[in-house]
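*Asks:* Here you go, this is my_file17.cif (mmCIF, N, CA and C atoms).
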data_run
loop_
_atom_site.group_PDB
_atom_site.id
_atom_site.type_symbol
_atom_site.label_atom_id
_atom_site.label_comp_id
_atom_site.auth_asym_id
_atom_site.auth_seq_id
_atom_site.Cartn_x
_atom_site.Cartn_y
_atom_site.Cartn_z
ATOM 1 N N ILE A 100 0.832 -1.192 0.000
ATOM 2 C CA ILE A 100 0.000 0.000 0.000
ATOM 3 C C ILE A 100 0.872 1.250 0.000
ATOM 4 N N LEU A 101 1.967 1.221 0.756
ATOM 5 C CA LEU A 101 2.856 2.381 0.829
ATOM 6 C C LEU A 101 3.440 2.704 -0.538
ATOM 7 N N PHE A 102 3.861 1.673 -1.274
ATOM 8 C CA PHE A 102 4.413 1.900 -2.614
ATOM 9 C C PHE A 102 3.362 2.535 -3.527
ATOM 10 N N ARG A 103 2.162 1.995 -3.525
ATOM 11 C CA ARG A 103 1.088 2.514 -4.375
ATOM 12 C C ARG A 103 0.778 3.970 -4.020
ATOM 13 N N THR A 104 0.752 4.281 -2.736
ATOM 14 C CA THR A 104 0.490 5.650 -2.297
ATOM 15 C C THR A 104 1.592 6.584 -2.771
ATOM 16 N N SER A 105 2.844 6.161 -2.654
ATOM 17 C CA SER A 105 3.943 7.028 -3.084
ATOM 18 C C SER A 105 3.927 7.221 -4.591
ATOM 19 N N VAL A 106 3.552 6.203 -5.334
ATOM 20 C CA VAL A 106 3.447 6.336 -6.789
ATOM 21 C C VAL A 106 2.338 7.316 -7.152
ATOM 22 N N LEU A 107 1.191 7.181 -6.531
ATOM 23 C CA LEU A 107 0.074 8.077 -6.819
ATOM 24 C C LEU A 107 0.392 9.515 -6.437
ATOM 25 N N LEU A 108 1.095 9.703 -5.328
ATOM 26 C CA LEU A 108 1.461 11.049 -4.917
ATOM 27 C C LEU A 108 2.488 11.681 -5.847
ATOM 28 N N SER A 109 3.307 10.861 -6.479
ATOM 29 C CA SER A 109 4.336 11.401 -7.366
ATOM 30 C C SER A 109 3.842 11.588 -8.801
ATOM 31 N N LEU A 110 2.668 11.090 -9.136
ATOM 32 C CA LEU A 110 2.168 11.200 -10.513
ATOM 33 C C LEU A 110 2.068 12.641 -11.011
ATOM 34 N N PRO A 111 1.542 13.577 -10.225
ATOM 35 C CA PRO A 111 1.492 14.956 -10.742
ATOM 36 C C PRO A 111 2.874 15.490 -11.119
ATOM 37 N N LEU A 112 3.882 15.160 -10.322
ATOM 38 C CA LEU A 112 5.242 15.608 -10.642
ATOM 39 C C LEU A 112 5.757 14.943 -11.910
ATOM 40 N N LEU A 113 5.478 13.650 -12.057
ATOM 41 C CA LEU A 113 5.931 12.934 -13.247
ATOM 42 C C LEU A 113 5.256 13.459 -14.510
ATOM 43 N N VAL A 114 3.955 13.692 -14.435
ATOM 44 C CA VAL A 114 3.234 14.208 -15.594
ATOM 45 C C VAL A 114 3.728 15.611 -15.932
ATOM 46 N N SER A 115 3.913 16.444 -14.914
ATOM 47 C CA SER A 115 4.422 17.797 -15.152
ATOM 48 C C SER A 115 5.792 17.761 -15.799
ATOM 49 N N ALA A 116 6.658 16.876 -15.314
ATOM 50 C CA ALA A 116 7.999 16.760 -15.883
ATOM 51 C C ALA A 116 7.937 16.270 -17.326
ATOM 52 N N ALA A 117 7.083 15.307 -17.592
ATOM 53 C CA ALA A 117 6.960 14.793 -18.956
ATOM 54 C C ALA A 117 6.443 15.866 -19.900
ATOM 55 N N LEU A 118 5.452 16.618 -19.454
ATOM 56 C CA LEU A 118 4.919 17.689 -20.294
ATOM 57 C C LEU A 118 5.959 18.778 -20.529
ATOM 58 N N ALA A 119 6.765 19.073 -19.517
ATOM 59 C CA ALA A 119 7.789 20.110 -19.656
ATOM 60 C C ALA A 119 8.881 19.669 -20.615
ATOM 61 N N GLN A 120 9.186 18.383 -20.648
ATOM 62 C CA GLN A 120 10.260 17.874 -21.504
ATOM 63 C C GLN A 120 9.797 17.617 -22.928
ATOM 64 N N ALA A 121 8.515 17.555 -23.159
ATOM 65 C CA ALA A 121 7.985 17.277 -24.485
ATOM 66 C C ALA A 121 7.061 18.414 -24.897
ATOM 67 N N PRO A 122 7.634 19.510 -25.409
ATOM 68 C CA PRO A 122 6.794 20.661 -25.720
ATOM 69 C C PRO A 122 5.660 20.334 -26.684
ATOM 70 N N ASN A 123 5.884 19.447 -27.645
ATOM 71 C CA ASN A 123 4.794 19.084 -28.547
ATOM 72 C C ASN A 123 3.692 18.332 -27.816
ATOM 73 N N GLY A 124 4.074 17.486 -26.867
ATOM 74 C CA GLY A 124 3.094 16.772 -26.057
ATOM 75 C C GLY A 124 2.317 17.726 -25.171
ATOM 76 N N ALA A 125 3.023 18.694 -24.594
ATOM 77 C CA ALA A 125 2.363 19.678 -23.736
ATOM 78 C C ALA A 125 1.386 20.514 -24.551
ATOM 79 N N ALA A 126 1.810 20.915 -25.733
ATOM 80 C CA ALA A 126 0.926 21.711 -26.590
ATOM 81 C C ALA A 126 -0.285 20.895 -27.014
ATOM 82 N N ALA A 127 -0.064 19.630 -27.340
ATOM 83 C CA ALA A 127 -1.178 18.763 -27.729
ATOM 84 C C ALA A 127 -2.144 18.584 -26.562
ATOM 85 N N PHE A 128 -1.614 18.395 -25.360
ATOM 86 C CA PHE A 128 -2.485 18.252 -24.190
ATOM 87 C C PHE A 128 -3.292 19.521 -23.974
ATOM 88 N N ARG A 129 -2.630 20.667 -24.058
ATOM 89 C CA ARG A 129 -3.343 21.935 -23.848
ATOM 90 C C ARG A 129 -4.458 22.124 -24.865
ATOM 91 N N THR A 130 -4.197 21.814 -26.132
ATOM 92 C CA THR A 130 -5.205 22.082 -27.157
ATOM 93 C C THR A 130 -6.275 21.005 -27.242
ATOM 94 N N ARG A 131 -5.937 19.768 -26.919
ATOM 95 C CA ARG A 131 -6.894 18.678 -27.113
ATOM 96 C C ARG A 131 -7.519 18.138 -25.833
ATOM 97 N N CYS A 132 -6.826 18.244 -24.722
ATOM 98 C CA CYS A 132 -7.258 17.540 -23.509
ATOM 99 C C CYS A 132 -7.647 18.449 -22.349
ATOM 100 N N SER A 133 -6.940 19.564 -22.205
ATOM 101 C CA SER A 133 -7.099 20.373 -20.997
ATOM 102 C C SER A 133 -8.485 20.990 -20.854
ATOM 103 N N GLY A 134 -9.182 21.201 -21.943
ATOM 104 C CA GLY A 134 -10.524 21.769 -21.850
ATOM 105 C C GLY A 134 -11.471 20.889 -21.052
ATOM 106 N N CYS A 135 -11.241 19.594 -21.075
ATOM 107 C CA CYS A 135 -12.081 18.664 -20.307
ATOM 108 C C CYS A 135 -11.371 18.141 -19.059
ATOM 109 N N HIS A 136 -10.093 17.795 -19.191
ATOM 110 C CA HIS A 136 -9.355 17.150 -18.098
ATOM 111 C C HIS A 136 -8.621 18.134 -17.198
ATOM 112 N N GLY A 137 -8.733 19.441 -17.458
ATOM 113 C CA GLY A 137 -8.047 20.447 -16.656
ATOM 114 C C GLY A 137 -6.638 20.689 -17.158
ATOM 115 N N THR A 138 -6.124 21.878 -16.926
ATOM 116 C CA THR A 138 -4.800 22.234 -17.445
ATOM 117 C C THR A 138 -3.687 21.409 -16.833
ATOM 118 N N ASP A 139 -3.919 20.865 -15.643
ATOM 119 C CA ASP A 139 -2.894 20.043 -14.999
ATOM 120 C C ASP A 139 -3.202 18.550 -15.110
ATOM 121 N N GLY A 140 -4.275 18.177 -15.829
ATOM 122 C CA GLY A 140 -4.638 16.773 -15.986
ATOM 123 C C GLY A 140 -5.325 16.184 -14.769
ATOM 124 N N ASN A 141 -5.605 17.022 -13.783
ATOM 125 C CA ASN A 141 -6.165 16.534 -12.537
ATOM 126 C C ASN A 141 -7.694 16.522 -12.522
ATOM 127 N N GLY A 142 -8.288 16.590 -13.687
ATOM 128 C CA GLY A 142 -9.742 16.577 -13.787
ATOM 129 C C GLY A 142 -10.272 17.972 -14.025
ATOM 130 N N GLY A 143 -11.357 18.026 -14.734
ATOM 131 C CA GLY A 143 -11.947 19.313 -15.058
ATOM 132 C C GLY A 143 -13.451 19.257 -14.987
ATOM 133 N N GLU A 144 -14.056 20.229 -15.599
ATOM 134 C CA GLU A 144 -15.506 20.352 -15.551
ATOM 135 C C GLU A 144 -16.204 19.206 -16.294
ATOM 136 N N HIS A 145 -15.550 18.667 -17.322
ATOM 137 C CA HIS A 145 -16.211 17.667 -18.167
ATOM 138 C C HIS A 145 -15.625 16.262 -18.105
ATOM 139 N N ALA A 146 -14.452 16.109 -17.485
ATOM 140 C CA ALA A 146 -13.812 14.797 -17.485
ATOM 141 C C ALA A 146 -12.944 14.626 -16.238
ATOM 142 N N PRO A 147 -12.707 13.374 -15.854
ATOM 143 C CA PRO A 147 -11.932 13.103 -14.638
ATOM 144 C C PRO A 147 -10.428 13.263 -14.858
ATOM 145 N N THR A 148 -9.693 13.055 -13.791
ATOM 146 C CA THR A 148 -8.238 13.081 -13.846
ATOM 147 C C THR A 148 -7.706 12.056 -14.847
ATOM 148 N N VAL A 149 -6.565 12.341 -15.425
ATOM 149 C CA VAL A 149 -5.916 11.385 -16.320
ATOM 150 C C VAL A 149 -4.908 10.528 -15.563
ATOM 151 N N TYR A 150 -4.622 10.873 -14.298
ATOM 152 C CA TYR A 150 -3.568 10.194 -13.552
ATOM 153 C C TYR A 150 -3.839 8.716 -13.329
ATOM 154 N N ARG A 151 -5.079 8.345 -13.071
ATOM 155 C CA ARG A 151 -5.375 6.922 -12.843
ATOM 156 C C ARG A 151 -5.088 6.113 -14.103
ATOM 157 N N ALA A 152 -5.526 6.615 -15.259
ATOM 158 C CA ALA A 152 -5.280 5.901 -16.514
ATOM 159 C C ALA A 152 -3.786 5.789 -16.786
ATOM 160 N N VAL A 153 -3.043 6.861 -16.510
ATOM 161 C CA VAL A 153 -1.598 6.835 -16.727
ATOM 162 C C VAL A 153 -0.951 5.802 -15.817
ATOM 163 N N ALA A 154 -1.429 5.697 -14.593
ATOM 164 C CA ALA A 154 -0.828 4.790 -13.617
ATOM 165 C C ALA A 154 -1.075 3.322 -13.941
ATOM 166 N N ILE A 155 -2.197 2.997 -14.559
ATOM 167 C CA ILE A 155 -2.552 1.579 -14.750
ATOM 168 C C ILE A 155 -2.478 1.119 -16.199
ATOM 169 N N SER A 156 -2.074 1.995 -17.111
ATOM 170 C CA SER A 156 -2.076 1.641 -18.536
ATOM 171 C C SER A 156 -0.665 1.610 -19.110
ATOM 172 N N THR A 157 -0.495 0.787 -20.126
ATOM 173 C CA THR A 157 0.775 0.775 -20.859
ATOM 174 C C THR A 157 0.765 1.931 -21.858
ATOM 175 N N ASP A 158 1.918 2.229 -22.421
ATOM 176 C CA ASP A 158 1.993 3.281 -23.436
ATOM 177 C C ASP A 158 1.076 2.969 -24.611
ATOM 178 N N ASP A 159 1.041 1.705 -25.030
ATOM 179 C CA ASP A 159 0.177 1.324 -26.156
ATOM 180 C C ASP A 159 -1.302 1.506 -25.817
ATOM 181 N N GLN A 160 -1.679 1.199 -24.589
ATOM 182 C CA GLN A 160 -3.069 1.381 -24.174
ATOM 183 C C GLN A 160 -3.435 2.864 -24.145
ATOM 184 N N LEU A 161 -2.527 3.698 -23.625
ATOM 185 C CA LEU A 161 -2.791 5.137 -23.593
ATOM 186 C C LEU A 161 -2.887 5.701 -25.001
ATOM 187 N N LEU A 162 -2.016 5.246 -25.887
ATOM 188 C CA LEU A 162 -2.065 5.695 -27.275
ATOM 189 C C LEU A 162 -3.408 5.344 -27.904
ATOM 190 N N ALA A 163 -3.897 4.143 -27.642
ATOM 191 C CA ALA A 163 -5.197 3.725 -28.187
ATOM 192 C C ALA A 163 -6.329 4.589 -27.635
ATOM 193 N N ILE A 164 -6.265 4.930 -26.350
ATOM 194 C CA ILE A 164 -7.303 5.775 -25.754
ATOM 195 C C ILE A 164 -7.315 7.146 -26.425
ATOM 196 N N VAL A 165 -6.138 7.725 -26.583
ATOM 197 C CA VAL A 165 -6.058 9.051 -27.204
ATOM 198 C C VAL A 165 -6.478 8.973 -28.670
ATOM 199 N N ARG A 166 -6.000 7.976 -29.376
ATOM 200 C CA ARG A 166 -6.289 7.836 -30.805
ATOM 201 C C ARG A 166 -7.754 7.518 -31.071
ATOM 202 N N ASP A 167 -8.320 6.587 -30.304
ATOM 203 C CA ASP A 167 -9.681 6.108 -30.571
ATOM 204 C C ASP A 167 -10.745 6.793 -29.714
ATOM 205 N N GLY A 168 -10.308 7.412 -28.609
ATOM 206 C CA GLY A 168 -11.252 8.020 -27.690
ATOM 207 C C GLY A 168 -11.985 6.961 -26.887
ATOM 208 N N ILE A 169 -12.957 7.411 -26.132
ATOM 209 C CA ILE A 169 -13.843 6.513 -25.385
ATOM 210 C C ILE A 169 -15.263 6.986 -25.688
ATOM 211 N N PRO A 170 -15.789 6.591 -26.852
ATOM 212 C CA PRO A 170 -17.093 7.093 -27.296
ATOM 213 C C PRO A 170 -18.211 6.896 -26.273
ATOM 214 N N SER A 171 -18.194 5.796 -25.542
ATOM 215 C CA SER A 171 -19.267 5.544 -24.568
ATOM 216 C C SER A 171 -19.260 6.552 -23.420
ATOM 217 N N LYS A 172 -18.124 7.230 -23.230
ATOM 218 C CA LYS A 172 -18.032 8.254 -22.186
ATOM 219 C C LYS A 172 -17.972 9.659 -22.760
ATOM 220 N N GLY A 173 -18.159 9.775 -24.066
ATOM 221 C CA GLY A 173 -18.174 11.077 -24.708
ATOM 222 C C GLY A 173 -16.801 11.642 -25.042
ATOM 223 N N MET A 174 -15.766 10.830 -24.929
ATOM 224 C CA MET A 174 -14.416 11.314 -25.235
ATOM 225 C C MET A 174 -14.109 11.068 -26.710
ATOM 226 N N PRO A 175 -13.800 12.133 -27.442
ATOM 227 C CA PRO A 175 -13.435 11.951 -28.849
ATOM 228 C C PRO A 175 -12.014 11.423 -28.977
ATOM 229 N N GLY A 176 -11.720 10.821 -30.097
ATOM 230 C CA GLY A 176 -10.363 10.381 -30.388
ATOM 231 C C GLY A 176 -9.609 11.490 -31.126
ATOM 232 N N PHE A 177 -8.295 11.450 -31.008
ATOM 233 C CA PHE A 177 -7.436 12.420 -31.695
ATOM 234 C C PHE A 177 -6.361 11.649 -32.442
ATOM 235 N N LYS A 178 -6.315 11.848 -33.738
ATOM 236 C CA LYS A 178 -5.343 11.141 -34.580
ATOM 237 C C LYS A 178 -3.964 11.723 -34.448
#
Go ahead and render the structure in this file as structure tokens.
*Replies:*
Amino acid sequence: ILFRTSVLLSLPLLVSAALAQAPNGAAAFRTRCSGCHGTDGNGGEHAPTVYRAVAISTDDQLLAIVRDGIPSKGMPGFK
């Protein structure tokens, strides 16, 4: 439980660092995701936090979510 808690607590820092190191990724998040998921990815008016999905998904799974969206939840896909 302690490991899981420390991982979850460090996710905002990891996501922030990743966005800072990948300006194209940060720009894509701002233009495509932040309107629903919040500018920090911690959830917004229309969609929940992205941190849980990042914590439990592989890169390929996350790519599929972004590419295909989640139509049943109203999330569009982005090519």
*Asks:* For the atom pair CA of Ala152 in chain A and CA of Gly134 in chain A, what is the interatomic distance in Å to one decimal place?
*Replies:*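 According to the coordinates, CA of Ala152 in chain A and CA of Gly134 in chain A are separated by 17.5 Å.
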*Asks:* Separation of atom C of Pro170 in chain A and atom C of Asp158 in chain A, in Å?
*Replies:*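 One can read the atom C of Pro170 in chain A to atom C of Asp158 in chain A distance as 19.8 Å.
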*Asks:* Could you tell me which of A:Gln160, A:Gly124, A:Gly140, A:Pro147 comes closest to Lys172 in chain A if we count only C-alpha atoms?
*Replies:*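 Closest to Lys172 in chain A, using only C-alpha atoms: A:Pro147.
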*Asks:* Name the residues in contact with Thr138 in chain A at a cut-off of 8 Å, using all atoms listed in the file, excluding same-chain residues fewer than 5 positions from it; report them as number ranges by chain.
*Replies:* A: 128-129, 132-133, 143
*Asks:* Enter the distance from CA of Ala126 in chain A to CA of Asp139 in chain A, in Å, rounded to one decimal.
*Replies:*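 It comes out at 12.3 Å.
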*Asks:* Write out as a PyMOL selection string the residues lying within 7 Å of range 161-164 of chain A, counting all atoms listed in the file and excluding same-chain residues fewer than 3 positions away.
*Replies:* chain A and resi 152+156-158+167-169+175-177
*Asks:* Of the candidates A:Ser171, A:Arg166, A:Ala154, A:Thr148, which one gets nearest to Cys135 in chain A if we count only C-alpha atoms?
*Replies:* A:Thr148
